[in-house]
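A short worksheet on the structure shown next.
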Amino acid sequence: MTPSTTSPTRRPEAVLLSAAALLVAALAVASLLVGKYPLTLDGILHDEMQRQVFLTLRLPRALTGVFGGFALGVCGFVYQTVFRNPLASPDIIGVSSGASAGAAAGILFLSGAAGITLAAFGGALAAVVLALGLSALDRGGQSGTIVLAGIAVHALAQTVLMCLKLTADPERELASIEYWIMGSLNGIKASALPVNLALCALCVAALFALHRQVLLLSAEEGEARMLGVNVTALRLLVLLAATLAVAAVVSLTGLVSFVGLLAPHAARLLCKGSRLPTLALSGLCGAALLCGADILARSVAATELPVSIFTSLLGAPFLVFLLVREGRKV
Amino acid sequence: MKQLQVNRITAGYHGRRVVHDLSFTLAGGQVLGVLGANGRGKTTLIKAVCGILPHQGQCLLDGTALEGLRPKALARLCGYIPQRSGLAIELSALDVVLMGFNPHLGLLQPPTPAMRRAASAMLETVGLPGRDRDSYLTLSEGQKQLCLLARALVGGAELLLLDEPESALDLRARHRTLHLLREFAAKGDRAVLLSLHDPNLALNFCDALLLVESSRAAGLVYPGKDSDEAITAALSRIYGPVCLRHCTDDNGQPHLVMLKEVDAP
């Protein structure tokens, strides 16, 4: 008698998930082939030059688009749920500004793309640890404290970034910093990829495993506690996993706007409820958005454009379309 | 026999004491109603007993201090319904009820099919049959309260703490809820502590009433046992001039009714 699924939808979740997965797969294949230097399957197999382009440029880029986008979507869902705020995103606890400050320091003081990635990751990590550490000073462990600590850390990181920009050489370094902050999947080094993606996968897997607990955190503090949840510890654990995953992505790509915000909303509008299928769909929406935006970023103009332009350009109308369609149904 | 013993509890917000040096005992199988005017500490008392609010004093359930328990152990012993749930994400009613099983599950363990069946049956019991798949957020306030009641009952805790569980319910649902709580208390020898606003509901369904008057307890009264004079005197301290009447409905069921008299000018 009991239904096997309990989400308040009549739409089959499996169909939605398969469709989204197919779309992401198609975008991933397109991402491998599209670009200034067109590749063909035959060429990759037989031509040394094409194979090099494929392995060192296209493959890292497509992998980052798919897995990075997936992680941003999943983490956005987690942030919105844990902070009980539909506008929550990784920026809320300062991870993006930490990464920017780190990357700026990397551009100024280190050499090579791998160094910058490492510095960005360090900056993001420092911001997370600082924000969560500051919030732990409040014994009550309110979620509002984390937001306030995040705002403080965000302001601090912005100040550091400003100081670094002041000392930067306007011709080269300042331009690099600005370009990094705009975000791009261009020039991702294959060497930095395995560590970052592995960390990302680990954190995302942890979030999937803890999914039921994440939903419990969406209740009020005392309510969640009386449902047997160790609120403070669990919230720290979940936020740490989500933020590490985001840090691993943005340290590769620079700031990518809107993916973490839009993907969960799109997923919830497509597939009602907040259960596991919605979480997975949120990841797939993120993957499709980042991958699609990246393909456009490298193909519409003669020069490579920042990917954030297209995540916002694609994402905003899509969200509006979903909202309008949802409004008409009632 | 389950017994809740509250010893000299004092609690409040930002240094302001709302509940002051309150002690009482609630035996298993009994429903204790907390009555009092707005802002007199009903919610504070309930939050203090379940440890959401820091407090002085001690709450013992069968000799176990509730203060020292970890969240999971506490939740297994003690179920709680807040006045309003903070749940603000889209979840089905069944998923909300299933949250009640969390204290019995491991960190990564999903609810079992038996738990799903029990949750579904509980939704039917509280008066939401066939609403399993409905989104919790689209339920009316009253239906949300029923859903939370199902969540609290399904966990099978020995002590239930309910903060105005009937405030948004219609007349029938109110009576059904109080009947359910009585049944729940009597069947498993469990203790139920609830705050409520309607003295007539309290007089007819609760075994004992704790009357809270300006942060101190005006005393415990037992509607079935105490004299009308004693009950009237206690209720007057909260509500001003009142009188009690005994009535019988057409089925021969006796009722105790409190009538509010005009306040002295």
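Here's how to read the names in the structure tokens: chain A, B, ... by the order shown, residue numbers from 1 in each chain, ligand numbers from 1 in the order shown.
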
Quick one: which chain B residues come within 8 Å of chain A, and what is the nearest atom pair for each with the distance in Å to one decimal, counting only C-alpha atoms, rows ordered by chain and ascending number, as a tab-separated table?
residue	atom	partner	partner_atom	distance
B:Cys50	CA	A:Met226	CA	7.7
B:Ile52	CA	A:Gly222	CA	5.4
B:Arg70	CA	A:Asn230	CA	7.9
B:Pro71	CA	A:Gly228	CA	4.7
B:Lys72	CA	A:Gly228	CA	3.9
B:Ala73	CA	A:Gly228	CA	7.2
B:Leu74	CA	A:Gly228	CA	7.0
B:Ala75	CA	A:Gly228	CA	4.8
B:Arg76	CA	A:Gly228	CA	7.4
B:Cys78	CA	A:Met226	CA	7.6
B:Gly79	CA	A:Met226	CA	6.7
B:Tyr80	CA	A:Met226	CA	6.3
B:Ile81	CA	A:Glu223	CA	7.5
B:Pro82	CA	A:Glu223	CA	6.8
B:Ser85	CA	A:Ala219	CA	6.9
B:Gly86	CA	A:Glu220	CA	4.8
B:Leu87	CA	A:Ala219	CA	4.7
B:Ala88	CA	A:Arg84	CA	6.6
B:Ile89	CA	A:Thr81	CA	7.0
B:Glu90	CA	A:Gly273	CA	4.9
B:Leu91	CA	A:Gly273	CA	4.9
B:Ser92	CA	A:Pro8	CA	5.4
B:Leu94	CA	A:Thr6	CA	6.7
B:Asp95	CA	A:Thr6	CA	6.9
B:Met99	CA	A:Leu227	CA	7.0
B:Gly100	CA	A:Leu227	CA	6.3
B:Asn102	CA	A:Leu227	CA	6.2
B:Pro103	CA	A:Gly228	CA	4.9
B:Leu107	CA	A:Leu210	CA	7.3
B:Leu108	CA	A:Leu210	CA	6.0
B:Pro110	CA	A:Arg212	CA	7.6
B:Arg116	CA	A:Thr2	CA	7.3
B:Arg117	CA	A:Thr2	CA	6.3
B:Ser120	CA	A:Thr2	CA	7.7
B:Asp132	CA	A:Thr6	CA	7.1
B:Arg133	CA	A:Pro8	CA	4.4
B:Asp134	CA	A:Pro8	CA	5.1
B:Ser135	CA	A:Pro8	CA	5.5

- [ ] Write out as a ChimeraX atom specification all residues of region 63-250 of chain B that backbone DSSP assigns to strand (DSSP E or B).
- [x] /B:64-65,78-81,92,135,159-163,191-195,208-213,216-221,242-248

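Using only C-alpha atoms, the contacts of Ala293 (chain A) at a cut-off of 6 Å, with sequence neighbours closer than 2 positions omitted, comprise Leu289, Leu290, Cys291, Ile295, Leu296, Val307, Phe310 and Thr311 of chain A.
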
Only all heavy atoms, please: the residues just picked out, written as a PDB file, in the first residue's frame.
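Okay, again-v3.pdb is ready:
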ATOM      1  N   LEU A 289      24.436  23.793 -16.685  1.00  0.00           N
ATOM      2  CA  LEU A 289      24.587  25.248 -16.781  1.00  0.00           C
ATOM      3  C   LEU A 289      26.051  25.635 -16.986  1.00  0.00           C
ATOM      4  O   LEU A 289      26.391  26.417 -17.890  1.00  0.00           O
ATOM      5  CB  LEU A 289      24.033  25.880 -15.503  1.00  0.00           C
ATOM      6  CG  LEU A 289      23.949  27.400 -15.485  1.00  0.00           C
ATOM      7  CD1 LEU A 289      23.076  27.900 -16.627  1.00  0.00           C
ATOM      8  CD2 LEU A 289      23.378  27.875 -14.147  1.00  0.00           C
ATOM      9  N   LEU A 290      26.938  25.072 -16.160  1.00  0.00           N
ATOM     10  CA  LEU A 290      28.349  25.461 -16.255  1.00  0.00           C
ATOM     11  C   LEU A 290      28.952  24.990 -17.577  1.00  0.00           C
ATOM     12  O   LEU A 290      29.687  25.719 -18.251  1.00  0.00           O
ATOM     13  CB  LEU A 290      29.132  24.904 -15.059  1.00  0.00           C
ATOM     14  CG  LEU A 290      30.577  25.384 -14.951  1.00  0.00           C
ATOM     15  CD1 LEU A 290      30.638  26.901 -14.906  1.00  0.00           C
ATOM     16  CD2 LEU A 290      31.246  24.809 -13.713  1.00  0.00           C
ATOM     17  N   CYS A 291      28.607  23.759 -17.957  1.00  0.00           N
ATOM     18  CA  CYS A 291      29.131  23.182 -19.202  1.00  0.00           C
ATOM     19  C   CYS A 291      28.627  23.986 -20.413  1.00  0.00           C
ATOM     20  O   CYS A 291      29.409  24.349 -21.300  1.00  0.00           O
ATOM     21  CB  CYS A 291      28.652  21.744 -19.288  1.00  0.00           C
ATOM     22  SG  CYS A 291      29.897  20.634 -19.841  1.00  0.00           S
ATOM     23  N   ILE A 295      30.831  26.348 -23.071  1.00  0.00           N
ATOM     24  CA  ILE A 295      30.856  26.157 -24.531  1.00  0.00           C
ATOM     25  C   ILE A 295      30.608  27.488 -25.225  1.00  0.00           C
ATOM     26  O   ILE A 295      31.315  27.865 -26.168  1.00  0.00           O
ATOM     27  CB  ILE A 295      29.807  25.111 -24.957  1.00  0.00           C
ATOM     28  CG1 ILE A 295      30.202  23.738 -24.431  1.00  0.00           C
ATOM     29  CG2 ILE A 295      29.655  25.081 -26.471  1.00  0.00           C
ATOM     30  CD1 ILE A 295      29.150  22.681 -24.631  1.00  0.00           C
ATOM     31  N   LEU A 296      29.625  28.246 -24.732  1.00  0.00           N
ATOM     32  CA  LEU A 296      29.337  29.557 -25.308  1.00  0.00           C
ATOM     33  C   LEU A 296      30.505  30.520 -25.102  1.00  0.00           C
ATOM     34  O   LEU A 296      30.870  31.276 -26.007  1.00  0.00           O
ATOM     35  CB  LEU A 296      28.064  30.149 -24.685  1.00  0.00           C
ATOM     36  CG  LEU A 296      26.747  29.491 -25.099  1.00  0.00           C
ATOM     37  CD1 LEU A 296      25.595  30.127 -24.353  1.00  0.00           C
ATOM     38  CD2 LEU A 296      26.546  29.623 -26.604  1.00  0.00           C
ATOM     39  N   VAL A 307      33.123  33.073 -18.084  1.00  0.00           N
ATOM     40  CA  VAL A 307      32.017  32.117 -18.094  1.00  0.00           C
ATOM     41  C   VAL A 307      30.805  32.644 -17.314  1.00  0.00           C
ATOM     42  O   VAL A 307      29.666  32.313 -17.617  1.00  0.00           O
ATOM     43  CB  VAL A 307      32.491  30.739 -17.579  1.00  0.00           C
ATOM     44  CG1 VAL A 307      32.736  30.763 -16.078  1.00  0.00           C
ATOM     45  CG2 VAL A 307      31.496  29.652 -17.925  1.00  0.00           C
ATOM     46  N   PHE A 310      27.811  34.036 -19.133  1.00  0.00           N
ATOM     47  CA  PHE A 310      26.852  33.099 -19.734  1.00  0.00           C
ATOM     48  C   PHE A 310      26.071  32.301 -18.700  1.00  0.00           C
ATOM     49  O   PHE A 310      24.928  31.948 -18.957  1.00  0.00           O
ATOM     50  CB  PHE A 310      27.570  32.176 -20.726  1.00  0.00           C
ATOM     51  CG  PHE A 310      28.107  32.937 -21.893  1.00  0.00           C
ATOM     52  CD1 PHE A 310      29.429  33.341 -21.928  1.00  0.00           C
ATOM     53  CD2 PHE A 310      27.277  33.301 -22.941  1.00  0.00           C
ATOM     54  CE1 PHE A 310      29.918  34.074 -22.990  1.00  0.00           C
ATOM     55  CE2 PHE A 310      27.764  34.034 -23.999  1.00  0.00           C
ATOM     56  CZ  PHE A 310      29.084  34.428 -24.025  1.00  0.00           C
ATOM     57  N   THR A 311      26.684  32.026 -17.536  1.00  0.00           N
ATOM     58  CA  THR A 311      25.886  31.344 -16.501  1.00  0.00           C
ATOM     59  C   THR A 311      24.711  32.243 -16.115  1.00  0.00           C
ATOM     60  O   THR A 311      23.604  31.767 -15.919  1.00  0.00           O
ATOM     61  CB  THR A 311      26.720  31.005 -15.248  1.00  0.00           C
ATOM     62  OG1 THR A 311      27.425  32.161 -14.818  1.00  0.00           O
ATOM     63  CG2 THR A 311      27.682  29.882 -15.505  1.00  0.00           C
TER      64      THR A 311
END

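Once Ala149 (chain A) and its same-chain neighbours fewer than 6 positions away are set aside, Ile93, Gly94, Leu130, Ala131, Leu132, Gly133, Leu134 and Ser135 of chain A remain within 9 Å of it when counting only C-alpha atoms.
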
Include all heavy atoms and write out the residues we just selected as a PDB file, in the first residue's frame.
ATOM      1  N   ILE A  93      29.339  32.457   3.482  1.00  0.00           N
ATOM      2  CA  ILE A  93      30.360  32.345   4.521  1.00  0.00           C
ATOM      3  C   ILE A  93      31.742  32.693   3.975  1.00  0.00           C
ATOM      4  O   ILE A  93      32.761  32.260   4.496  1.00  0.00           O
ATOM      5  CB  ILE A  93      30.336  31.007   5.280  1.00  0.00           C
ATOM      6  CG1 ILE A  93      30.441  29.827   4.362  1.00  0.00           C
ATOM      7  CG2 ILE A  93      29.087  30.872   6.103  1.00  0.00           C
ATOM      8  CD1 ILE A  93      30.532  28.531   5.148  1.00  0.00           C
ATOM      9  N   GLY A  94      31.761  33.507   2.958  1.00  0.00           N
ATOM     10  CA  GLY A  94      33.004  34.167   2.572  1.00  0.00           C
ATOM     11  C   GLY A  94      33.962  33.334   1.747  1.00  0.00           C
ATOM     12  O   GLY A  94      35.103  33.744   1.524  1.00  0.00           O
ATOM     13  N   LEU A 130      38.127  30.293   9.253  1.00  0.00           N
ATOM     14  CA  LEU A 130      37.952  31.505  10.052  1.00  0.00           C
ATOM     15  C   LEU A 130      36.463  31.726  10.362  1.00  0.00           C
ATOM     16  O   LEU A 130      36.082  31.974  11.506  1.00  0.00           O
ATOM     17  CB  LEU A 130      38.521  32.698   9.287  1.00  0.00           C
ATOM     18  CG  LEU A 130      38.806  33.953  10.090  1.00  0.00           C
ATOM     19  CD1 LEU A 130      39.786  33.659  11.215  1.00  0.00           C
ATOM     20  CD2 LEU A 130      39.370  35.045   9.191  1.00  0.00           C
ATOM     21  N   ALA A 131      35.620  31.619   9.333  1.00  0.00           N
ATOM     22  CA  ALA A 131      34.188  31.874   9.529  1.00  0.00           C
ATOM     23  C   ALA A 131      33.581  30.859  10.496  1.00  0.00           C
ATOM     24  O   ALA A 131      32.873  31.233  11.438  1.00  0.00           O
ATOM     25  CB  ALA A 131      33.450  31.845   8.193  1.00  0.00           C
ATOM     26  N   LEU A 132      33.875  29.576  10.284  1.00  0.00           N
ATOM     27  CA  LEU A 132      33.294  28.554  11.160  1.00  0.00           C
ATOM     28  C   LEU A 132      33.900  28.634  12.564  1.00  0.00           C
ATOM     29  O   LEU A 132      33.209  28.434  13.558  1.00  0.00           O
ATOM     30  CB  LEU A 132      33.496  27.155  10.556  1.00  0.00           C
ATOM     31  CG  LEU A 132      32.746  26.906   9.242  1.00  0.00           C
ATOM     32  CD1 LEU A 132      32.931  25.474   8.776  1.00  0.00           C
ATOM     33  CD2 LEU A 132      31.272  27.216   9.367  1.00  0.00           C
ATOM     34  N   GLY A 133      35.194  28.968  12.636  1.00  0.00           N
ATOM     35  CA  GLY A 133      35.855  29.120  13.936  1.00  0.00           C
ATOM     36  C   GLY A 133      35.252  30.268  14.723  1.00  0.00           C
ATOM     37  O   GLY A 133      34.957  30.136  15.908  1.00  0.00           O
ATOM     38  N   LEU A 134      35.055  31.405  14.048  1.00  0.00           N
ATOM     39  CA  LEU A 134      34.447  32.561  14.719  1.00  0.00           C
ATOM     40  C   LEU A 134      33.053  32.224  15.219  1.00  0.00           C
ATOM     41  O   LEU A 134      32.675  32.599  16.323  1.00  0.00           O
ATOM     42  CB  LEU A 134      34.365  33.751  13.746  1.00  0.00           C
ATOM     43  CG  LEU A 134      35.638  34.567  13.521  1.00  0.00           C
ATOM     44  CD1 LEU A 134      35.400  35.629  12.459  1.00  0.00           C
ATOM     45  CD2 LEU A 134      36.094  35.206  14.821  1.00  0.00           C
ATOM     46  N   SER A 135      32.290  31.504  14.389  1.00  0.00           N
ATOM     47  CA  SER A 135      30.916  31.178  14.790  1.00  0.00           C
ATOM     48  C   SER A 135      30.900  30.219  15.959  1.00  0.00           C
ATOM     49  O   SER A 135      29.968  30.206  16.748  1.00  0.00           O
ATOM     50  CB  SER A 135      30.142  30.604  13.609  1.00  0.00           C
ATOM     51  OG  SER A 135      30.587  29.296  13.356  1.00  0.00           O
TER      52      SER A 135
END

Could you pull the residues within 12 Å of Arg51 (chain A), counting only C-alpha atoms, minus those fewer than 2 positions along the same chain, as an NGL selection string?
:A and (32-33 or 37-49 or 53-59)

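Candidate residues A:Leu313, A:Cys285, A:Gly327, A:Pro277 were compared for distance to Val15 (chain A), and the nearest is A:Pro277, using only C-alpha atoms.
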
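For region 253-264 of chain B, the residues within 8 Å (counting only C-alpha atoms, excluding itself and residues fewer than 2 positions away along the chain) are B:Pro199, B:Asn200, B:Leu203, B:Asn204, B:Tyr239, B:Gly240, B:Pro241, B:Val242, B:Cys243, B:Leu244, B:Arg245, B:His246, B:Cys247, B:Thr248, B:Asp249, B:Asp250, B:Asn251.
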
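Across the structure, CA of Gly188 (chain B) and CA of Phe101 (chain B) are spaced 17.7 Å apart.
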
Q.
as a PyMOL selection string, please: the residues near region 161-169 of chain B (cut-off 8 Å, only C-alpha atoms, same-chain neighbours under 3 positions excluded).
A. chain B and resi 42-43+46+50+78-83+141-143+145+149+172-174+177+192-197

* To do: Please give the complete set of residues from region 89-264 of chain B that DSSP, run on the backbone, assigns to alpha helix (DSSP H), formatted as a PyMOL selection string.
  => chain B and resi 93-98+113-126+141-154+171-187+199-205+228-239

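Atom pair CA of Ala104 (chain A) / CA of Thr117 (chain A): separated by 10.3 Å.
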